[in-house]
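Data block for structure_12.txt (compact mmCIF, C-alpha atoms):
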```
# COMPACT_ATOMS: atom_id res chain seq x y z
CA MET A 28 -23.88 11.98 -3.56
CA GLY A 29 -24.52 15.24 -1.67
CA ALA A 30 -25.20 18.92 -2.27
CA VAL A 31 -22.53 21.57 -1.68
CA LEU A 32 -23.03 25.34 -1.49
CA ILE A 33 -20.07 27.66 -2.11
CA ILE A 34 -20.60 31.22 -0.80
CA ASP A 35 -17.87 33.61 -1.99
CA ASP A 36 -17.80 36.94 -3.83
CA MET A 37 -14.89 35.84 -6.06
CA GLU A 38 -16.40 34.44 -9.27
CA ASP A 39 -13.26 32.57 -10.38
CA LEU A 40 -13.01 30.81 -7.03
CA ARG A 41 -16.70 29.85 -7.05
CA PHE A 42 -16.31 28.40 -10.55
CA SER A 43 -13.14 26.42 -9.67
CA LEU A 44 -14.54 24.98 -6.46
CA ALA A 45 -17.88 24.09 -8.09
CA LYS A 46 -15.96 22.23 -10.80
CA VAL A 47 -14.14 20.15 -8.15
CA VAL A 48 -17.44 19.43 -6.37
CA LYS A 49 -19.04 18.15 -9.58
CA LYS A 50 -16.01 16.00 -10.42
CA GLU A 51 -16.36 14.39 -6.98
CA GLY A 52 -19.90 13.40 -7.94
CA HIS A 53 -21.85 15.98 -5.91
CA THR A 54 -24.30 18.76 -6.80
CA ALA A 55 -22.80 22.27 -6.66
CA PHE A 56 -24.62 25.50 -5.78
CA THR A 57 -22.91 28.90 -5.70
CA ALA A 58 -23.78 32.27 -4.16
CA ALA A 59 -21.95 35.62 -4.33
CA SER A 60 -23.60 37.17 -1.25
CA GLY A 61 -25.27 36.32 2.04
CA SER A 62 -28.77 37.18 0.81
CA GLU A 63 -28.35 35.01 -2.30
CA ALA A 64 -27.09 32.17 -0.11
CA ILE A 65 -30.09 32.37 2.26
CA GLU A 66 -32.46 32.12 -0.73
CA LEU A 67 -30.69 28.96 -1.93
CA ILE A 68 -30.64 27.39 1.56
CA ASN A 69 -34.37 28.05 1.93
CA ALA A 70 -35.09 26.36 -1.40
CA SER A 71 -32.65 23.40 -1.35
CA ILE A 72 -31.37 20.59 0.86
CA ILE A 73 -27.69 21.40 1.39
CA ASP A 74 -25.21 19.01 3.02
CA VAL A 75 -22.02 21.08 3.07
CA ILE A 76 -21.47 24.86 2.96
CA TYR A 77 -18.16 26.60 2.18
CA LEU A 78 -18.58 30.13 3.53
CA ASP A 79 -16.33 33.14 2.91
CA ILE A 80 -15.75 35.38 5.94
CA GLY A 81 -15.85 38.64 3.97
CA LEU A 82 -19.04 38.96 1.92
CA PRO A 83 -20.29 42.18 0.28
CA ASP A 84 -23.51 42.35 2.34
CA THR A 85 -22.59 40.61 5.60
CA ASN A 86 -19.88 39.04 7.72
CA GLY A 87 -19.61 35.28 7.15
CA ILE A 88 -19.44 34.51 10.87
CA ASP A 89 -22.67 36.45 11.46
CA LEU A 90 -24.31 34.52 8.60
CA ILE A 91 -23.73 31.19 10.37
CA GLY A 92 -26.51 31.88 12.88
CA ARG A 93 -29.03 32.65 10.10
CA ILE A 94 -28.02 29.48 8.26
CA ARG A 95 -28.44 27.37 11.39
CA LYS A 96 -32.05 28.59 11.84
CA ILE A 97 -32.89 27.20 8.39
CA ASN A 98 -30.61 24.16 8.14
CA THR A 99 -29.28 22.56 11.33
CA ASP A 100 -27.64 19.61 9.59
CA ALA A 101 -25.31 21.23 7.04
CA ASP A 102 -21.59 21.22 7.83
CA ILE A 103 -20.07 24.70 7.48
CA ILE A 104 -16.42 25.28 6.55
CA MET A 105 -15.10 28.83 6.60
CA LEU A 106 -12.99 30.30 3.78
CA THR A 107 -10.78 33.04 5.16
CA GLY A 108 -7.82 35.08 4.02
CA ILE A 109 -7.16 36.19 7.57
CA ASN A 110 -4.76 33.72 9.11
CA GLU A 111 -5.59 34.56 12.70
CA ALA A 112 -6.43 32.18 15.53
CA LYS A 113 -9.20 34.49 16.79
CA THR A 114 -11.08 34.32 13.46
CA ALA A 115 -10.91 30.53 13.48
CA ILE A 116 -12.09 30.32 17.09
CA ASP A 117 -14.99 32.73 16.45
CA SER A 118 -16.04 30.65 13.43
CA LEU A 119 -15.97 27.39 15.38
CA ARG A 120 -17.87 28.93 18.29
CA ALA A 121 -20.53 30.20 15.89
CA GLY A 122 -21.10 26.70 14.50
CA ALA A 123 -18.54 26.05 11.75
CA ILE A 124 -16.75 22.69 11.87
CA ASP A 125 -13.50 23.74 10.16
CA TYR A 126 -11.80 26.50 8.17
CA ILE A 127 -9.46 26.82 5.19
CA VAL A 128 -7.02 29.72 4.91
CA LYS A 129 -6.74 31.43 1.51
CA PRO A 130 -4.87 30.97 -0.71
CA PHE A 131 -5.28 27.18 -0.57
CA GLU A 132 -4.59 24.35 -2.98
CA LEU A 133 -7.53 22.64 -4.69
CA LEU A 134 -6.17 19.36 -3.31
CA GLU A 135 -6.72 20.66 0.22
CA PHE A 136 -10.30 21.64 -0.70
CA LYS A 137 -10.92 18.22 -2.28
CA THR A 138 -9.49 16.37 0.74
CA THR A 139 -11.66 18.37 3.14
CA LEU A 140 -14.74 17.75 0.99
CA ARG A 141 -14.08 14.00 0.85
CA ARG A 142 -13.55 13.81 4.61
CA ILE A 143 -16.80 15.65 5.34
CA MET A 144 -18.83 13.64 2.83
CA GLN A 145 -17.43 10.42 4.30
CA SER A 146 -18.52 11.64 7.73
CA LYS A 147 -22.00 12.33 6.32
CA LEU A 148 -22.08 8.83 4.88
CA MET A 149 -21.07 7.34 8.24
CA GLU A 150 -23.86 9.34 9.89
CA LYS A 151 -26.39 7.84 7.49
CA GLN A 152 -24.99 4.35 7.95
CA ALA A 153 -25.22 4.78 11.73
CA LEU A 154 -28.99 4.83 11.23
CA ILE A 155 -28.88 1.39 9.58
CA SER A 156 -29.22 -1.51 12.01
CA GLN A 157 -26.92 -4.51 11.82
CA GLN A 158 -29.86 -6.58 10.59
CA ASP A 159 -29.97 -4.41 7.45
CA LEU A 160 -26.31 -4.87 6.55
CA SER A 161 -25.59 -5.68 2.92
CA PRO A 162 -22.34 -6.22 0.99
CA ASP A 163 -22.53 -2.62 -0.30
CA ASN A 164 -22.75 -0.78 3.02
CA LEU A 165 -19.94 -2.44 4.95
CA ILE A 166 -17.55 0.30 6.05
CA GLY A 167 -14.09 0.16 4.53
CA THR A 168 -12.25 1.75 1.60
CA CYS A 169 -8.66 0.59 2.16
CA GLU A 170 -6.88 -1.72 -0.28
CA LYS A 171 -7.06 -4.73 2.06
CA MET A 172 -10.87 -4.50 2.23
CA LYS A 173 -11.37 -4.56 -1.55
CA PRO A 174 -10.86 -8.35 -1.95
CA VAL A 175 -13.01 -8.87 1.16
CA LYS A 176 -15.92 -6.95 -0.37
CA GLU A 177 -15.51 -8.78 -3.68
CA ALA A 178 -15.60 -12.14 -1.87
CA ILE A 179 -18.73 -11.10 0.08
CA LYS A 180 -20.52 -10.20 -3.17
CA THR A 181 -19.49 -13.52 -4.73
CA ALA A 182 -20.69 -15.42 -1.66
CA SER A 183 -24.02 -13.57 -1.80
CA GLU A 184 -24.64 -14.78 -5.35
CA VAL A 185 -24.10 -18.50 -4.72
CA ASP A 186 -25.04 -21.07 -2.07
CA ALA A 187 -21.62 -22.52 -1.24
CA ALA A 188 -20.15 -22.78 2.26
CA VAL A 189 -18.07 -19.85 3.50
CA LEU A 190 -15.20 -19.78 6.02
CA ILE A 191 -14.40 -16.37 7.53
CA THR A 192 -11.08 -16.03 9.34
CA GLY A 193 -9.58 -13.16 11.29
CA GLU A 194 -8.55 -11.95 14.71
CA THR A 195 -11.13 -11.46 17.45
CA GLY A 196 -13.08 -8.24 16.92
CA THR A 197 -12.46 -7.86 13.18
CA GLY A 198 -16.16 -8.13 12.28
CA LYS A 199 -16.64 -11.75 11.23
CA GLU A 200 -20.31 -11.84 12.25
CA LEU A 201 -21.02 -8.59 10.37
CA VAL A 202 -19.55 -10.12 7.23
CA ALA A 203 -21.69 -13.25 7.70
CA ARG A 204 -24.83 -11.09 8.09
CA ALA A 205 -23.89 -9.08 4.99
CA ILE A 206 -23.64 -12.31 2.97
CA HIS A 207 -26.99 -13.52 4.33
CA ASN A 208 -28.74 -10.20 3.64
CA GLY A 209 -27.29 -9.98 0.15
CA CYS A 210 -28.34 -13.50 -0.82
CA LYS A 211 -31.36 -13.51 -3.15
CA GLN A 212 -31.73 -17.30 -3.14
CA LYS A 213 -32.73 -17.46 0.54
CA SER A 214 -35.17 -15.35 2.51
CA GLY A 215 -35.10 -17.25 5.82
CA VAL A 216 -33.63 -16.30 9.17
CA PHE A 217 -30.02 -15.83 10.23
CA VAL A 218 -29.25 -18.25 13.10
CA LYS A 219 -26.02 -17.84 15.06
CA VAL A 220 -24.40 -20.68 17.00
CA ASP A 221 -21.43 -19.82 19.22
CA CYS A 222 -19.40 -23.03 19.26
CA GLY A 223 -17.08 -21.54 21.86
CA THR A 224 -19.66 -21.00 24.61
CA LEU A 225 -21.77 -24.19 24.45
CA SER A 226 -20.51 -27.21 26.39
CA GLU A 227 -19.76 -30.44 24.54
CA ASN A 228 -22.77 -32.08 26.21
CA LEU A 229 -25.19 -29.35 25.10
CA ILE A 230 -24.00 -28.39 21.64
CA GLU A 231 -25.30 -31.49 19.82
CA SER A 232 -28.84 -31.17 21.18
CA GLU A 233 -28.82 -27.39 20.64
CA LEU A 234 -27.64 -27.78 17.06
CA PHE A 235 -29.65 -30.79 15.94
CA GLY A 236 -32.48 -30.99 18.49
CA TYR A 237 -33.73 -34.20 20.08
CA ASP A 238 -36.68 -36.61 20.10
CA LYS A 239 -38.76 -37.24 23.16
CA GLY A 240 -37.09 -39.84 25.39
CA ALA A 241 -33.63 -39.34 23.88
CA PHE A 242 -32.31 -38.81 27.42
CA THR A 243 -33.72 -38.45 30.94
CA ASP A 244 -34.91 -34.82 30.67
CA ALA A 245 -36.17 -35.09 27.07
CA ARG A 246 -39.90 -35.02 27.89
CA SER A 247 -40.90 -33.68 24.47
CA ASP A 248 -39.46 -33.23 20.97
CA LYS A 249 -37.22 -30.21 20.45
CA LYS A 250 -36.21 -28.45 17.25
CA GLY A 251 -32.53 -27.69 16.95
CA LEU A 252 -30.92 -24.54 15.53
CA VAL A 253 -30.21 -26.31 12.22
CA GLU A 254 -33.91 -26.95 11.71
CA MET A 255 -34.78 -23.38 12.75
CA ALA A 256 -32.36 -22.09 10.10
CA ASN A 257 -34.13 -24.03 7.33
CA GLY A 258 -34.43 -21.75 4.29
CA GLY A 259 -31.88 -19.33 5.74
CA THR A 260 -28.32 -19.18 7.09
CA LEU A 261 -26.63 -21.10 9.91
CA PHE A 262 -23.66 -19.11 11.21
CA LEU A 263 -21.20 -21.26 13.17
CA ASP A 264 -19.03 -18.83 15.11
CA GLU A 265 -15.66 -20.09 16.43
CA ILE A 266 -16.00 -23.32 14.46
CA GLY A 267 -12.55 -24.36 15.68
CA ASN A 268 -14.15 -25.16 19.06
CA LEU A 269 -16.65 -27.65 17.62
CA PRO A 270 -16.00 -31.02 19.31
CA ILE A 271 -14.27 -33.53 17.02
CA SER A 272 -17.05 -36.03 17.79
CA LEU A 273 -19.67 -33.74 16.20
CA GLN A 274 -17.69 -32.84 13.12
CA PRO A 275 -18.81 -35.87 11.04
CA LYS A 276 -22.46 -34.91 11.66
CA LEU A 277 -21.79 -31.36 10.44
CA LEU A 278 -19.91 -32.72 7.42
CA ARG A 279 -22.96 -34.83 6.50
CA LEU A 280 -25.23 -31.79 6.87
CA ILE A 281 -23.06 -29.83 4.42
CA GLU A 282 -22.67 -32.66 1.89
CA GLU A 283 -26.17 -34.19 1.97
CA SER A 284 -28.35 -31.45 3.54
CA THR A 285 -29.63 -34.04 6.01
CA PHE A 286 -29.22 -34.74 9.74
CA ARG A 287 -30.75 -36.73 12.58
CA LYS A 288 -31.90 -35.41 15.92
CA VAL A 289 -30.36 -36.81 19.10
CA GLY A 290 -32.24 -40.07 19.69
CA GLY A 291 -33.93 -39.78 16.30
CA LEU A 292 -34.47 -42.62 13.85
CA LYS A 293 -35.22 -40.70 10.66
CA ASP A 294 -33.25 -38.31 8.49
CA ILE A 295 -34.46 -34.71 8.21
CA THR A 296 -33.74 -32.76 5.03
CA VAL A 297 -33.08 -29.02 5.26
CA ASP A 298 -32.06 -26.19 2.95
CA VAL A 299 -29.45 -24.32 4.98
CA ARG A 300 -26.58 -22.05 3.97
CA ILE A 301 -23.52 -22.72 6.17
CA ILE A 302 -21.17 -19.86 7.10
CA ALA A 303 -18.41 -20.59 9.61
CA ALA A 304 -15.94 -18.26 11.31
CA THR A 305 -12.84 -18.69 13.43
CA ASN A 306 -9.93 -16.77 14.91
CA ALA A 307 -7.93 -20.00 15.23
CA ASN A 308 -5.44 -21.47 12.78
CA ILE A 309 -7.51 -24.42 11.50
CA GLU A 310 -4.56 -26.00 9.71
CA GLU A 311 -2.71 -26.20 13.04
CA GLU A 312 -5.82 -27.76 14.61
CA ILE A 313 -5.84 -30.35 11.79
CA ASN A 314 -2.19 -31.22 12.52
CA LYS A 315 -3.09 -31.66 16.21
CA GLY A 316 -5.95 -33.98 15.31
CA GLN A 317 -8.53 -31.53 16.70
CA PHE A 318 -10.23 -30.70 13.38
CA ARG A 319 -11.15 -32.90 10.45
CA GLU A 320 -9.36 -32.07 7.22
CA ASP A 321 -12.33 -33.11 5.05
CA LEU A 322 -14.66 -30.77 7.03
CA TYR A 323 -12.18 -27.92 6.62
CA TYR A 324 -12.18 -28.34 2.83
CA ARG A 325 -15.99 -28.46 2.71
CA LEU A 326 -16.26 -25.25 4.76
CA ASN A 327 -13.47 -23.44 2.95
CA VAL A 328 -15.16 -23.29 -0.47
CA ILE A 329 -15.28 -19.48 -0.28
CA PRO A 330 -12.53 -18.28 2.09
CA ILE A 331 -12.72 -14.71 3.43
CA SER A 332 -9.78 -13.41 5.48
CA LEU A 333 -10.42 -10.19 7.43
CA PRO A 334 -7.44 -7.87 8.02
CA PRO A 335 -6.81 -6.54 11.55
CA LEU A 336 -7.77 -2.92 12.13
CA ARG A 337 -4.14 -1.83 12.54
CA GLU A 338 -3.58 -2.74 8.85
CA ARG A 339 -6.61 -0.83 7.54
CA GLY A 340 -5.13 2.68 7.60
CA GLU A 341 -7.73 5.34 6.84
CA ASP A 342 -10.58 2.97 7.74
CA ILE A 343 -9.79 3.56 11.43
CA LEU A 344 -11.08 7.13 11.14
CA LEU A 345 -14.07 6.10 8.99
CA LEU A 346 -15.15 3.51 11.55
CA ALA A 347 -14.52 5.89 14.43
CA THR A 348 -16.75 8.50 12.77
CA TYR A 349 -19.46 5.89 12.20
CA PHE A 350 -19.44 4.88 15.88
CA LEU A 351 -19.38 8.52 16.98
CA HIS A 352 -22.57 9.26 15.02
CA LEU A 353 -24.14 6.04 16.30
CA PHE A 354 -23.56 6.79 19.98
CA LYS A 355 -24.02 10.57 19.97
CA LYS A 356 -27.48 10.03 18.47
CA GLU A 357 -28.31 7.27 20.95
CA LEU A 358 -27.05 9.28 23.94
CA ARG A 359 -28.25 12.65 22.60
CA LYS A 360 -24.85 14.32 22.86
CA PRO A 361 -24.11 17.45 20.72
CA ILE A 362 -20.63 16.27 19.73
CA GLN A 363 -19.33 17.71 16.45
CA GLY A 364 -16.36 15.44 15.85
CA PHE A 365 -12.88 14.42 16.99
CA SER A 366 -10.18 16.79 18.19
CA SER A 367 -6.84 16.84 16.34
CA ALA A 368 -5.26 15.07 19.32
CA ALA A 369 -7.89 12.31 19.13
CA THR A 370 -7.24 11.80 15.41
CA GLU A 371 -3.52 11.59 16.14
CA THR A 372 -4.12 9.10 18.94
CA MET A 373 -6.27 6.81 16.83
CA LEU A 374 -3.69 6.70 14.04
CA LYS A 375 -0.92 5.83 16.53
CA HIS A 376 -2.77 3.08 18.44
CA ASP A 377 -2.22 -0.59 17.51
CA TRP A 378 -5.86 -1.69 18.14
CA SER A 379 -5.10 -5.19 19.42
CA GLY A 380 -8.85 -5.59 20.09
CA ASN A 381 -9.66 -4.43 16.55
CA ILE A 382 -13.08 -2.95 15.68
CA ARG A 383 -14.63 -4.18 18.93
CA GLU A 384 -12.02 -2.21 20.92
CA LEU A 385 -12.62 0.90 18.81
CA ARG A 386 -16.41 0.66 19.23
CA ASN A 387 -16.17 0.20 23.00
CA LEU A 388 -13.74 3.10 23.31
CA ILE A 389 -15.92 5.52 21.33
CA GLU A 390 -19.03 4.51 23.31
CA ARG A 391 -17.24 5.07 26.62
CA GLU A 392 -15.77 8.39 25.55
CA VAL A 393 -19.13 9.67 24.24
CA ILE A 394 -20.77 8.75 27.56
CA PHE A 395 -18.25 10.82 29.54
CA CYS A 396 -17.73 13.61 26.99
CA ARG A 397 -18.77 17.09 28.20
CA ASN A 398 -17.43 19.04 25.20
CA GLU A 399 -18.32 19.51 21.54
CA TRP A 400 -15.14 17.73 20.42
CA LEU A 401 -14.21 14.22 21.46
CA GLY A 402 -10.68 14.00 22.85
CA LEU A 403 -10.29 10.26 23.62
CA ASP A 404 -8.49 11.11 26.86
CA SER A 405 -8.44 7.54 28.20
CA LEU A 406 -6.81 6.19 25.02
CA GLN A 407 -4.20 8.98 25.02
CA HIS A 408 -3.39 8.12 28.63
CA HIS A 409 -3.12 4.43 27.73
CA ILE A 410 -0.74 5.11 24.85
CA SER A 411 1.44 7.37 27.03
CA HIS A 412 1.48 4.71 29.73
CA VAL A 413 2.47 1.98 27.29
CA SER A 414 5.18 4.19 25.76
CA LEU A 415 6.71 4.80 29.20
CA ASN A 416 6.40 1.30 30.66
CA SER A 417 6.57 -1.23 27.83
CA GLN A 418 9.88 -3.08 27.66
CA GLN A 419 8.86 -4.50 24.31
CA GLU A 420 8.57 -1.19 22.43
CA LEU A 421 12.15 -0.06 21.85
CA VAL A 422 11.61 1.98 18.67
CA PRO A 423 13.65 5.22 18.81
CA LEU A 424 11.60 8.41 19.16
CA LYS A 425 12.74 9.67 15.75
CA GLU A 426 11.49 6.48 14.12
CA MET A 427 8.12 6.77 15.92
CA GLU A 428 7.80 10.38 14.77
CA LYS A 429 8.66 9.39 11.19
CA ARG A 430 5.99 6.66 11.14
CA TYR A 431 3.37 8.96 12.57
CA ILE A 432 4.07 11.75 10.06
CA GLN A 433 3.83 9.23 7.23
CA LYS A 434 0.46 7.97 8.56
CA VAL A 435 -0.94 11.50 8.76
CA LEU A 436 0.27 12.34 5.25
CA LYS A 437 -1.38 9.17 3.94
CA TYR A 438 -4.64 10.08 5.67
CA THR A 439 -4.64 13.60 4.19
CA GLY A 440 -3.78 12.43 0.68
CA ASN A 441 -0.32 14.05 1.02
CA ASN A 442 -1.94 17.43 1.73
CA LYS A 443 0.86 19.09 3.70
CA SER A 444 -1.25 22.02 4.94
CA MET A 445 -3.84 19.73 6.49
CA ALA A 446 -1.16 17.35 7.78
CA ALA A 447 0.60 20.24 9.53
CA ARG A 448 -2.66 21.26 11.22
CA ILE A 449 -3.33 17.71 12.44
CA LEU A 450 0.26 17.44 13.69
CA GLY A 451 0.01 20.84 15.40
CA ILE A 452 3.07 22.23 13.63
CA SER A 453 3.72 24.80 10.91
CA ARG A 454 4.22 23.91 7.25
CA THR A 455 7.84 25.03 7.58
CA THR A 456 8.46 22.67 10.50
CA LEU A 457 6.76 19.84 8.61
CA ARG A 458 8.94 20.55 5.55
CA ASP A 459 12.07 20.39 7.78
CA LYS A 460 10.95 17.11 9.32
CA LEU A 461 10.23 15.63 5.88
CA GLY A 462 13.73 16.64 4.85
CA GLU A 463 15.13 14.72 7.84
CA ILE A 464 13.03 11.68 6.93
CA GLU A 465 14.25 11.67 3.34
```
Written form, structure tokens:
Amino acid sequence: MGAVLIIDDMEDLRFSLAKVVKKEGHTAFTAASGSEAIELINASIIDVIYLDIGLPDTNGIDLIGRIRKINTDADIIMLTGINEAKTAIDSLRAGAIDYIVKPFELLEFKTTLRRIMQSKLMEKQALISQQDLSPDNLIGTCEKMKPVKEAIKTASEVDAAVLITGETGTGKELVARAIHNGCKQKSGVFVKVDCGTLSENLIESELFGYDKGAFTDARSDKKGLVEMANGGTLFLDEIGNLPISLQPKLLRLIEESTFRKVGGLKDITVDVRIIAATNANIEEEINKGQFREDLYYRLNVIPISLPPLRERGEDILLLATYFLHLFKKELRKPIQGFSSAATETMLKHDWSGNIRELRNLIEREVIFCRNEWLGLDSLQHHISHVSLNSQQELVPLKEMEKRYIQKVLKYTGNNKSMAARILGISRTTLRDKLGEIE
């Protein structure tokens, strides 16, 4: 929930826009003049300001500077009946982040408001460390993330084993941490074991520890990661790489909550929540004899399958905005947002590396960015290069254009005015292209 200020001398418009703001769950303030607006900004915390260019006592563009001296964090969107490029450029140079040309549809206003409030939310979430993740603040609003979030909440309420599957870079560890942090039954630590990086010789002693004299270099007793995780969560990343010889020992830990150290003679009882993750097809590994079927069933009590980023639609832009706020704060860069070309590029890209690829790209681009708007030049170059050189991508240009227009329309909630601006074409041209598609 945020606070929105609408500054316009037209009473009917102020009333209509305030009604939309309240329906969206935000607090609405209205002002008919610049002086009235300044009084409100001095007295209230405002997140978003819709500012008319022509006010009875001042020019809206001139008012931006006065607003910025009081509130540096509010996002300002200009309302203008003058459809001129110069007006828009002057507004953006003065500190506005966007503009809407009158007359506009309430749907366009609502879409803009939602986009800005989502950006504000991503900015706040960028301040939350990964250690503080909970089921409620995982980023994602698309349909494919709804069952994921429901499964995370269910897993947080019980103590059963969880198996998280998904491509590399889809956020399996973040989901495991969200389950751990949301679990009220356990208050212990979160211990991660990467089964893919430890050698077969080391993984048993690292997991279960060893007693003094268990082998040549065992000069003293050592606690394993299982024992360290007592009272908390043991996260077994890339469980598909766990040696078949160790799988019975893990199965016993899950079923009986007991284990023995390497070289040990007594059983040790622990209270550990097991969460496993893999990007491999475990059922194929079972058929190959590389993974025990009984262990798979014990791990797969609560299955959570993460969708790849390319199937998450509007979440691409949400996540990109989150990472932008994260890195611009860390690197102290005055970046306002993404250019239209960058938005277009992100929607077109297939993201084979998923969220990890997106995060790395945004970090790199923020480091090298020298402007107020992030253009994602390296990604645009990559996409152009792939389009020219890939023998695999044989989709006709018309089909590619059709898919892209449909993606942009979905992102804007079918708002054709905003879609046309993102596409860099007029509404008339967009209407013609939609006619060709249909």
Residue nearest Leu252 in chain A among A:Lys239, A:Ser226, A:Val216, A:Ile313 (counting all atoms listed in the file):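 Of A:Lys239, A:Ser226, A:Val216, A:Ile313, the one nearest Leu252 in chain A is A:Val216, counting all atoms listed in the file.
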Pairwise distance for CA of Asn306 in chain A and CA of Cys169 in chain A, rounded to one decimal in Å: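 Straight-line distance from CA of Asn306 in chain A to CA of Cys169 in chain A works out to 21.6 Å.
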Separation of CA of Glu177 in chain A from CA of Val299 in chain A, in Å and rounded to one decimal: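 Interatomic distance here is 22.6 Å.
Between Ser183 in chain A and the candidates A:Arg337, A:Val31, A:Lys356, A:Thr260, the tightest atom-to-atom separation, counting only C-alpha atoms, involves A:Thr260.
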Please determine an axis-aligned box that encloses all atoms of range 323-342 of chain A listed in the file, with 8 Å added on each side, and express its centre and edge lengths in Å to one decimal as lines of an AutoDock Vina configuration file.
```
center_x = -9.9
center_y = -11.6
center_z = 6.0
size_x = 28.7
size_y = 49.8
size_z = 29.0
```
Interatomic distance, CA of Gly81 in chain A to CA of Leu119 in chain A (Å, one decimal):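 The value is 16.0 Å.
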Spatial sel., origin (-17.9, -12.9, 2.6), limit 6 Å, all atoms listed in the file, listed as a list in words: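 Answer for this query, in the requested form: Ala178, Ile179, Ala182, Val202, Ile206 and Ile331 of chain A.
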Within 8 Å of Glu194 in chain A using all atoms listed in the file, minus same-chain residues under 4 positions, as number ranges by chain: A: 306, 333-335, 381
